[in-house]
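In what follows, a single structure is set out as C-alpha cells and then discussed.
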Amino acid sequence: MPLSRDVTLKHLRGFTEVLRRGTIASAAERLHLTAPAVSTQLKTLETLVGAPILDRSGDSLRPTEVGEELLRAAGLIEAALTRCEARISALREGAAGLVRLGVVSTGKYFAPGLVARFNTAMPGIMLHMTVGNRDEIVESLGSRGIDLAVMGRGPENLEVIAHPLGPHPYLMIARPGHPLAALETVPAETLLAETFLAREMGSGTRTLMMRVLDGLSEGRSYRVVEMPSNETIKQAVMAGLGVAMLSAHTVHHERAEGKLRALPVPGLPVVRHWYLIHRADEPLTPAAQVFRDFVIGLDGAFLPGAETGSPDISAAQ
C-alpha cells in the first residue's frame with residue numbers, strides 16, 4: 001500500500017511526539033489522547049511501512065533507520081503546513097505575499113535596515129525575519145522553514161543558488177589601550193598568548209577564527225573562552241578580558257566611536273562575502289522573487305560602511 005495514501009498526519013505526529021517526549025504516556029498526554037490510542041497509531045504506522053520504527057532495546061526510545069526516514073518526512077510536512085498557514089494569513093490580511101528570511105547572527109547588525117528599506121518600497125509584501133547561527137539557518141533552509149537566507153558560504157549538503165551581495169571582512173579586535181594595539185605588526189607568537197573570546201561551535205565566525213588561529217599556531221595551543229553572543233564578546237573585549245575575531249560589520253559602530261581597535265595581524269582582515277541564498281530545487285514564490293531582485297539591486301548599499309567606501313575593510317584603525 002502506498003504510504004502517501006495511507007499514512008496520516010495523526011500517525012506521524014503521534015510517532016514524532018513519542019520520540020520527543022520519551023514515553024507513550026507523556027506523548028498521549030501532550031496529544032490529549034489515551035496511551036492505548038497512541039500505541040495503536042504506532043502499530044498501524046509500523047504495519048503500513050512494513051518494518052519496525054522504534055528501537056526499544058536501550059534505556060530510551062530511539063528511531064530505527066526506517067523511523068528516521070519517517071521523522072524527516074514528518075518535519076518536511078510540518079514545515080510545509082506552517083509555511084502554507086503563514087502565507088494564507090498574510091493573504092487574508094491583504095498582503096501580496098509572505099517572504100521568510102533567515103539571517104545569520106552576524107548579519108543582524110544590518111539586516112533590520114535592509115528589511116525596513118524593503119517594507120518601505122514594497123508595503124504589500126509581508127516579510128518575516130529570523131536570526132540564528134549558521135547551523136540553525138542552514139537547517140531552516142534545508143527543512144524549508146525559510147525562503148531565503150543572508151549568510152556567507154552556502155551549505156555543503158544542499159544545492160543552492162547564491163547571489164553575491166558584497167564583501168564581508170573579519171578583523172582581530174582589542175580595546176584601544178591594549179598593548180598589541182600599539183604595535184605596527186602583531187607577531188603570531190605574541191597574539192597566541194592572548195585569550196580569544198568566541199561564539200559557540202556552529203557559528204561561522206567561530207569556525208573562521210579557529211581556521212586562522214590554527215594556521216598561525218602551527219600546532220601550538222591557545223586559549224579560547226566561549227561566550228553566548230557578539231554583544232557579550234564586544235563588551236568583554238572592551239573590558240579587557242581578551243581579544244576576538246569578529247566581522248567588521250559587527251564592530252562598525254564601536255570602531256567608529258573609538259571603543260574598539262583592529263589589531264595589525266598579518267593575513268588580516270580576512271575578506272569573505274555576503275550572499276543571498278535560496279534552494280535550487282524549487283522555484284521562489286513571486287513575493288520572494290521580488291525580495292531577491294530588490295536586494296540584489298541595492299548592490300550592497302545596505303552594508304555598514306558602504307556609504308563611505310567600506311572603511312571596514314581596513315585594519316589600520
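In the C-alpha cells, each chain is lettered A, B, ... as it comes, each chain's residues begin at 1, and ligands are numbered from 1 in order of appearance.
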So which residues touch Ala86 in chain A within 10 Å, counting only C-alpha atoms, skipping near sequence neighbours fewer than 5 positions away, as an MDAnalysis selection string? chainID A and resid 80:81 91:92 97:100 126 128
Per-residue DSSP, range 1-115 of chain A, filtered to helix (DSSP H, G or I), as a PyMOL selection string: chain A and resi 3-6+9-21+24-31+35-49+65-92+105-109+111-115
Please report, as JSON, numbers by chain, each residue of range 43-281 of chain A to which DSSP assigns strand (DSSP E or B) when run on this structure's backbone. {"A": [54, 55, 62, 63, 97, 98, 99, 100, 101, 102, 103, 104, 125, 126, 127, 128, 129, 130, 131, 132, 148, 149, 150, 151, 160, 161, 162, 163, 164, 165, 166, 167, 168, 169, 170, 171, 172, 173, 174, 195, 196, 197, 198, 223, 224, 225, 226, 243, 244, 245, 246, 247, 261, 262, 270, 271, 272, 273, 274, 275, 276, 277, 278, 279]}
List as a list of chain:residue names the protein and nucleic acid residues near range 215-219 of chain A, meaning an atom at most 12 Å away when only C-alpha atoms are counted, but skip any in the same chain fewer than 6 places from it.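 In the requested format, the answer is A:Val186, A:Pro187, A:Ala188, A:Glu189, A:Thr190, A:Leu191, A:Leu192, A:Ala193, A:Leu208, A:Met209, A:Val265, A:Pro266, A:Gly267, A:Leu268.
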Would you mind exporting the chosen residues as a PDB file, in the first residue's frame, restricted to N, CA and C atoms?
ATOM      1  N   VAL A 186      51.579  42.589  14.738  1.00  0.00           N
ATOM      2  CA  VAL A 186      51.493  41.681  15.884  1.00  0.00           C
ATOM      3  C   VAL A 186      52.049  40.321  15.486  1.00  0.00           C
ATOM      4  N   PRO A 187      53.191  39.893  16.074  1.00  0.00           N
ATOM      5  CA  PRO A 187      53.736  38.567  15.756  1.00  0.00           C
ATOM      6  C   PRO A 187      52.779  37.457  16.186  1.00  0.00           C
ATOM      7  N   ALA A 188      52.832  36.357  15.473  1.00  0.00           N
ATOM      8  CA  ALA A 188      51.924  35.248  15.758  1.00  0.00           C
ATOM      9  C   ALA A 188      52.089  34.739  17.186  1.00  0.00           C
ATOM     10  N   GLU A 189      53.344  34.580  17.651  1.00  0.00           N
ATOM     11  CA  GLU A 189      53.553  34.036  18.995  1.00  0.00           C
ATOM     12  C   GLU A 189      53.035  34.972  20.071  1.00  0.00           C
ATOM     13  N   THR A 190      53.085  36.287  19.802  1.00  0.00           N
ATOM     14  CA  THR A 190      52.555  37.263  20.762  1.00  0.00           C
ATOM     15  C   THR A 190      51.035  37.207  20.796  1.00  0.00           C
ATOM     16  N   LEU A 191      50.435  37.114  19.629  1.00  0.00           N
ATOM     17  CA  LEU A 191      48.976  37.043  19.550  1.00  0.00           C
ATOM     18  C   LEU A 191      48.450  35.788  20.234  1.00  0.00           C
ATOM     19  N   LEU A 192      49.140  34.656  20.040  1.00  0.00           N
ATOM     20  CA  LEU A 192      48.655  33.375  20.565  1.00  0.00           C
ATOM     21  C   LEU A 192      48.718  33.300  22.085  1.00  0.00           C
ATOM     22  N   ALA A 193      49.413  34.236  22.713  1.00  0.00           N
ATOM     23  CA  ALA A 193      49.455  34.271  24.177  1.00  0.00           C
ATOM     24  C   ALA A 193      48.205  34.903  24.769  1.00  0.00           C
ATOM     25  N   LEU A 208      35.715  30.260  11.315  1.00  0.00           N
ATOM     26  CA  LEU A 208      36.751  31.014  10.615  1.00  0.00           C
ATOM     27  C   LEU A 208      37.886  31.389  11.557  1.00  0.00           C
ATOM     28  N   MET A 209      37.561  31.817  12.777  1.00  0.00           N
ATOM     29  CA  MET A 209      38.589  32.182  13.744  1.00  0.00           C
ATOM     30  C   MET A 209      39.509  31.001  14.035  1.00  0.00           C
ATOM     31  N   VAL A 265      47.317  42.295  12.456  1.00  0.00           N
ATOM     32  CA  VAL A 265      47.759  40.901  12.404  1.00  0.00           C
ATOM     33  C   VAL A 265      48.019  40.513  10.948  1.00  0.00           C
ATOM     34  N   PRO A 266      49.190  39.956  10.630  1.00  0.00           N
ATOM     35  CA  PRO A 266      49.449  39.529   9.243  1.00  0.00           C
ATOM     36  C   PRO A 266      48.369  38.574   8.747  1.00  0.00           C
ATOM     37  N   GLY A 267      47.921  38.815   7.527  1.00  0.00           N
ATOM     38  CA  GLY A 267      46.878  37.968   6.936  1.00  0.00           C
ATOM     39  C   GLY A 267      45.470  38.445   7.196  1.00  0.00           C
ATOM     40  N   LEU A 268      45.321  39.455   8.063  1.00  0.00           N
ATOM     41  CA  LEU A 268      44.008  40.024   8.329  1.00  0.00           C
ATOM     42  C   LEU A 268      43.938  41.447   7.770  1.00  0.00           C
TER      43      LEU A 268
END
Nearby residues (only C-alpha atoms) at most 10 Å from Ala121 in chain A, same-chain spacing under 5 positions excluded, as a list in words: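 The contact residues come out as Val115, Ala116 and Phe294 of chain A.
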Could you write out the selected residues, including N, CA and C atoms, as a CSV table (one decimal), in the first residue's frame?
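Output saved as result.csv:
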chain,number,residue,atom,x,y,z
A,115,VAL,N,15.5,45.2,5.9
A,115,VAL,CA,14.1,44.9,5.9
A,115,VAL,C,13.3,46.1,5.9
A,116,ALA,N,13.7,47.2,6.6
A,116,ALA,CA,13.0,48.5,6.7
A,116,ALA,C,12.9,49.1,5.3
A,294,PHE,N,15.0,43.0,-5.4
A,294,PHE,CA,15.2,44.2,-4.6
A,294,PHE,C,16.6,44.3,-3.9
Taking only C-alpha atoms into account, name the residue in A:Ala181, A:Ile146, A:Leu165, A:Met227 that is nearest to Leu76 in chain A.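 Of A:Ala181, A:Ile146, A:Leu165, A:Met227, the one nearest Leu76 in chain A is A:Ile146, counting only C-alpha atoms.
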Give the answer as one residue: which of A:Ser89, A:Ala280, A:Gly258, A:Ala51 has the shortest atom-to-atom distance to Glu159 in chain A, using only C-alpha atoms? A:Ala280
Straight-line distance linking CA of Leu31 in chain A with CA of Lys10 in chain A, stated in Å to one decimal: 9.7 Å
Measure the distance from CA of Thr250 in chain A to CA of Asp147 in chain A in Å and round it to one decimal. 24.4 Å
My list of candidates is A:Pro169, A:Gly242, A:Gly22, A:Gly142. Which is closest to Gly305 in chain A when distances are computed with only C-alpha atoms?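 Going through A:Pro169, A:Gly242, A:Gly22, A:Gly142 one by one, the smallest distance to Gly305 in chain A is for A:Pro169.
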So that I can check the surroundings of Thr195 in chain A, please list as an mmCIF file with C-alpha atoms, in the first residue's frame every protein, DNA and RNA residue that reaches within 7 Å of it, counting only C-alpha atoms and ignoring chain neighbours fewer than 6 positions away.
data_model
loop_
_atom_site.group_PDB
_atom_site.id
_atom_site.type_symbol
_atom_site.label_atom_id
_atom_site.label_comp_id
_atom_site.auth_asym_id
_atom_site.auth_seq_id
_atom_site.Cartn_x
_atom_site.Cartn_y
_atom_site.Cartn_z
ATOM 1 C CA ARG A 223 43.102 29.651 24.922
ATOM 2 C CA VAL A 224 39.505 30.153 23.784
ATOM 3 C CA GLY A 242 40.684 39.192 25.816
ATOM 4 C CA VAL A 243 40.713 39.746 22.070
#
Contacts of Ser39 in chain A at 10 Å or less, counting only C-alpha atoms, minus same-chain residues fewer than 3 places along, as JSON, numbers by chain? {"A": [14, 15, 18, 24, 25, 28, 34, 35, 36, 42, 43, 44, 45]}
Give me the residues near Val138 in chain A as a PyMOL selection string, where near means some atom within 12 Å (using only C-alpha atoms) and where sequence neighbours in that chain fewer than 2 positions away do not count. chain A and resi 101-104+131-136+140-160+202-204+277-279
I need the chosen residues saved as an mmCIF file, in the first residue's frame, with C-alpha atoms.
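The new file out39.cif reads:
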data_model
loop_
_atom_site.group_PDB
_atom_site.id
_atom_site.type_symbol
_atom_site.label_atom_id
_atom_site.label_comp_id
_atom_site.auth_asym_id
_atom_site.auth_seq_id
_atom_site.Cartn_x
_atom_site.Cartn_y
_atom_site.Cartn_z
ATOM 1 C CA LEU A 101 14.082 35.464 5.519
ATOM 2 C CA GLY A 102 16.779 33.803 7.615
ATOM 3 C CA VAL A 103 19.838 35.825 8.661
ATOM 4 C CA VAL A 104 22.989 34.530 10.339
ATOM 5 C CA VAL A 131 18.120 35.237 13.167
ATOM 6 C CA GLY A 132 20.302 32.279 14.144
ATOM 7 C CA ASN A 133 23.805 30.893 13.913
ATOM 8 C CA ARG A 134 24.996 29.346 10.672
ATOM 9 C CA ASP A 135 23.918 25.788 11.540
ATOM 10 C CA GLU A 136 20.425 26.944 12.519
ATOM 11 C CA SER A 140 15.886 26.072 8.331
ATOM 12 C CA LEU A 141 16.793 26.354 4.652
ATOM 13 C CA GLY A 142 17.053 22.574 4.376
ATOM 14 C CA SER A 143 13.687 21.990 6.050
ATOM 15 C CA ARG A 144 12.049 24.773 4.002
ATOM 16 C CA GLY A 145 11.410 26.791 7.131
ATOM 17 C CA ILE A 146 12.685 29.889 5.300
ATOM 18 C CA ASP A 147 12.596 31.001 1.676
ATOM 19 C CA LEU A 148 15.914 32.834 1.513
ATOM 20 C CA ALA A 149 18.961 33.321 3.708
ATOM 21 C CA VAL A 150 21.561 36.048 4.123
ATOM 22 C CA MET A 151 24.817 34.327 5.035
ATOM 23 C CA GLY A 152 28.384 33.683 3.958
ATOM 24 C CA ARG A 153 29.397 30.487 2.178
ATOM 25 C CA GLY A 154 26.498 28.257 1.236
ATOM 26 C CA PRO A 155 25.747 24.896 2.870
ATOM 27 C CA GLU A 156 27.808 21.944 1.666
ATOM 28 C CA ASN A 157 24.994 19.400 1.693
ATOM 29 C CA LEU A 158 22.298 21.411 -0.065
ATOM 30 C CA GLU A 159 22.007 22.546 -3.676
ATOM 31 C CA VAL A 160 21.511 26.316 -3.569
ATOM 32 C CA GLY A 202 28.281 26.095 14.901
ATOM 33 C CA SER A 203 28.907 29.796 14.460
ATOM 34 C CA GLY A 204 30.511 30.678 11.130
ATOM 35 C CA ILE A 277 20.857 32.151 -0.843
ATOM 36 C CA HIS A 278 17.856 30.042 -1.770
ATOM 37 C CA ARG A 279 17.266 26.425 -2.662
#
Here CA of Ala262 in chain A and CA of Ile173 in chain A stand apart by 4.5 Å
